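**Student:** What follows is a single structure, and I will ask about it in a moment.
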Amino acid sequence: MGNRCQSCGMPLSKDEMGGGTNADGSISSQYCSYCFKDGKFLQPDFTAADMQVFCLEQLAKRGMPRFMAWIFTRGIPKLGRWQNP
């Protein structure tokens, strides 16, 4: 579980920034740079369903077929961020 962003599910190895940043400036081992910066979520009001829609749209913009994007976003509600909202 630790090798994927616990907010959006993106493999952390695919994050060009190496991961999001904690409040002390260190790299987060749980969240990517698209979701987490300076110890805060970039989309603080999102629900898991909101994140699924957002990620689906982003993947589709990058040319992924919507069906494949839907498959990749199905597991978002099971990620760490969404377990204790």
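Just remember, in the structure tokens the first chain shown is A, the second B, etc., residues are 1-based per chain, and ligands are 1-based in the order shown.
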List the neighbours of range 51-60 of chain A out to 6 Å using only C-alpha atoms; skip same-chain residues closer than 6 positions along the sequence, and give me the result as a PyMOL selection string.

**Tutor:** chain A and resi 66+69+73

**Student:** Would you mind exporting the chosen residues as a short mmCIF file (atom, residue, chain, number, x, y, z; two decimals), in the first residue's frame, restricted to C-alpha atoms?

**Tutor:**
```
data_model
loop_
_atom_site.label_atom_id
_atom_site.label_comp_id
_atom_site.auth_asym_id
_atom_site.auth_seq_id
_atom_site.Cartn_x
_atom_site.Cartn_y
_atom_site.Cartn_z
CA ARG A 66 -12.34 6.18 -20.08
CA ALA A 69 -9.36 5.17 -16.33
CA THR A 73 -9.95 4.79 -10.06
#
```

**Student:** For range 22-31 of chain A, find every residue with an atom within 6 Å (counting only C-alpha atoms), except residues of its own chain fewer than 5 positions away, and show them as a ChimeraX atom specification.

**Tutor:** /A:5-6,36,38-39

**Student:** Identify which of the residues A:Arg4, A:Ala49, A:Lys14, A:Leu42 lies closest to Trp82 in chain A, counting only C-alpha atoms when measuring atom-to-atom distances.

**Tutor:**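 Nearest candidate to Trp82 in chain A out of A:Arg4, A:Ala49, A:Lys14, A:Leu42: A:Ala49.
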
**Student:** Using only C-alpha atoms, which residue out of A:Asn3, A:Asp45, A:Ser13, A:Cys8 lies closest to Gly75 in chain A?

**Tutor:** A:Cys8

**Student:** Based on the backbone DSSP call, show me all residues of chain A assigned alpha helix (DSSP H), as a PyMOL selection string.

**Tutor:** chain A and resi 48-61+66-73

**Student:** Take the residues that were just selected and, keeping N, CA and C atoms, output them as a CSV table (one decimal), in the first residue's frame.

**Tutor:**
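Output file selection-v9.csv follows:
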```csv
chain,number,residue,atom,x,y,z
A,48,ALA,N,-14.0,10.8,-1.5
A,48,ALA,CA,-13.4,9.8,-2.3
A,48,ALA,C,-14.1,9.8,-3.7
A,49,ALA,N,-15.4,10.0,-3.7
A,49,ALA,CA,-16.1,10.1,-5.0
A,49,ALA,C,-15.6,11.3,-5.8
A,50,ASP,N,-15.4,12.4,-5.2
A,50,ASP,CA,-14.9,13.6,-5.9
A,50,ASP,C,-13.5,13.3,-6.5
A,51,MET,N,-12.7,12.6,-5.7
A,51,MET,CA,-11.3,12.2,-6.2
A,51,MET,C,-11.4,11.3,-7.4
A,52,GLN,N,-12.3,10.3,-7.3
A,52,GLN,CA,-12.5,9.4,-8.5
A,52,GLN,C,-12.8,10.2,-9.7
A,53,VAL,N,-13.8,11.1,-9.7
A,53,VAL,CA,-14.2,11.9,-10.8
A,53,VAL,C,-13.0,12.7,-11.3
A,54,PHE,N,-12.3,13.4,-10.4
A,54,PHE,CA,-11.2,14.2,-10.8
A,54,PHE,C,-10.1,13.4,-11.5
A,55,CYS,N,-9.7,12.2,-10.9
A,55,CYS,CA,-8.7,11.4,-11.5
A,55,CYS,C,-9.2,10.8,-12.9
A,56,LEU,N,-10.4,10.4,-13.0
A,56,LEU,CA,-10.9,9.9,-14.2
A,56,LEU,C,-10.8,11.0,-15.3
A,57,GLU,N,-11.1,12.2,-15.0
A,57,GLU,CA,-11.0,13.3,-16.0
A,57,GLU,C,-9.5,13.5,-16.3
A,58,GLN,N,-8.6,13.5,-15.3
A,58,GLN,CA,-7.2,13.8,-15.6
A,58,GLN,C,-6.6,12.7,-16.5
A,59,LEU,N,-7.0,11.4,-16.2
A,59,LEU,CA,-6.5,10.3,-17.0
A,59,LEU,C,-7.0,10.4,-18.4
A,60,ALA,N,-8.3,10.7,-18.6
A,60,ALA,CA,-8.9,10.8,-19.9
A,60,ALA,C,-8.2,11.9,-20.7
A,61,LYS,N,-7.9,13.1,-20.0
A,61,LYS,CA,-7.2,14.2,-20.7
A,61,LYS,C,-5.8,13.7,-21.2
A,66,ARG,N,-11.6,6.0,-21.3
A,66,ARG,CA,-12.3,6.2,-20.1
A,66,ARG,C,-12.6,4.9,-19.3
A,67,PHE,N,-12.8,3.8,-20.0
A,67,PHE,CA,-13.0,2.5,-19.4
A,67,PHE,C,-11.8,2.1,-18.5
A,68,MET,N,-10.6,2.3,-19.1
A,68,MET,CA,-9.4,2.0,-18.4
A,68,MET,C,-9.2,2.9,-17.2
A,69,ALA,N,-9.5,4.2,-17.4
A,69,ALA,CA,-9.4,5.2,-16.3
A,69,ALA,C,-10.3,4.8,-15.2
A,70,TRP,N,-11.5,4.3,-15.5
A,70,TRP,CA,-12.5,3.9,-14.5
A,70,TRP,C,-11.9,2.8,-13.7
A,71,ILE,N,-11.3,1.8,-14.4
A,71,ILE,CA,-10.7,0.7,-13.7
A,71,ILE,C,-9.6,1.2,-12.7
A,72,PHE,N,-8.8,2.1,-13.1
A,72,PHE,CA,-7.7,2.6,-12.2
A,72,PHE,C,-8.2,3.4,-11.0
A,73,THR,N,-9.4,4.0,-11.2
A,73,THR,CA,-10.0,4.8,-10.1
A,73,THR,C,-10.9,4.0,-9.1
```

**Student:** Go through chain A and collect every residue that DSSP, computed from the backbone, puts in strand (DSSP E or B); the answer should be as JSON, numbers by chain.

**Tutor:** {"A": [4, 11, 21, 27, 36, 37, 40, 41]}

**Student:** Restricted to C-alpha atoms, what would the selected residues look like written as an mmCIF file, in the first residue's frame?

**Tutor:**
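The result, stored in result32.cif:
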```
data_model
loop_
_atom_site.group_PDB
_atom_site.id
_atom_site.type_symbol
_atom_site.label_atom_id
_atom_site.label_comp_id
_atom_site.auth_asym_id
_atom_site.auth_seq_id
_atom_site.Cartn_x
_atom_site.Cartn_y
_atom_site.Cartn_z
ATOM 1 C CA ARG A 4 0.801 4.260 -4.050
ATOM 2 C CA PRO A 11 2.177 4.955 -8.077
ATOM 3 C CA THR A 21 5.777 17.347 0.969
ATOM 4 C CA ILE A 27 8.963 14.104 1.179
ATOM 5 C CA PHE A 36 -0.310 16.871 -0.861
ATOM 6 C CA LYS A 37 1.937 19.914 -0.350
ATOM 7 C CA LYS A 40 -1.902 19.824 3.503
ATOM 8 C CA PHE A 41 -4.162 18.274 0.900
#
```

**Student:** Please indicate the distance in Å from CA of Ser7 in chain A to CA of Asn84 in chain A, rounded to one decimal place.

**Tutor:** 11.9 Å

**Student:** Which residue gives the smallest distance to Glu16 in chain A among A:Phe46, A:Gly63, A:Ser33, A:Pro77, with only C-alpha atoms counted?

**Tutor:**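 Result for the nearest residue to Glu16 in chain A: A:Ser33.
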
**Student:** From the list A:Gly19, A:Pro65, A:Thr47, A:Tyr34, which residue is nearest Leu79 in chain A when using only C-alpha atoms?

**Tutor:**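 Closest to Leu79 in chain A of all the choices is A:Thr47.
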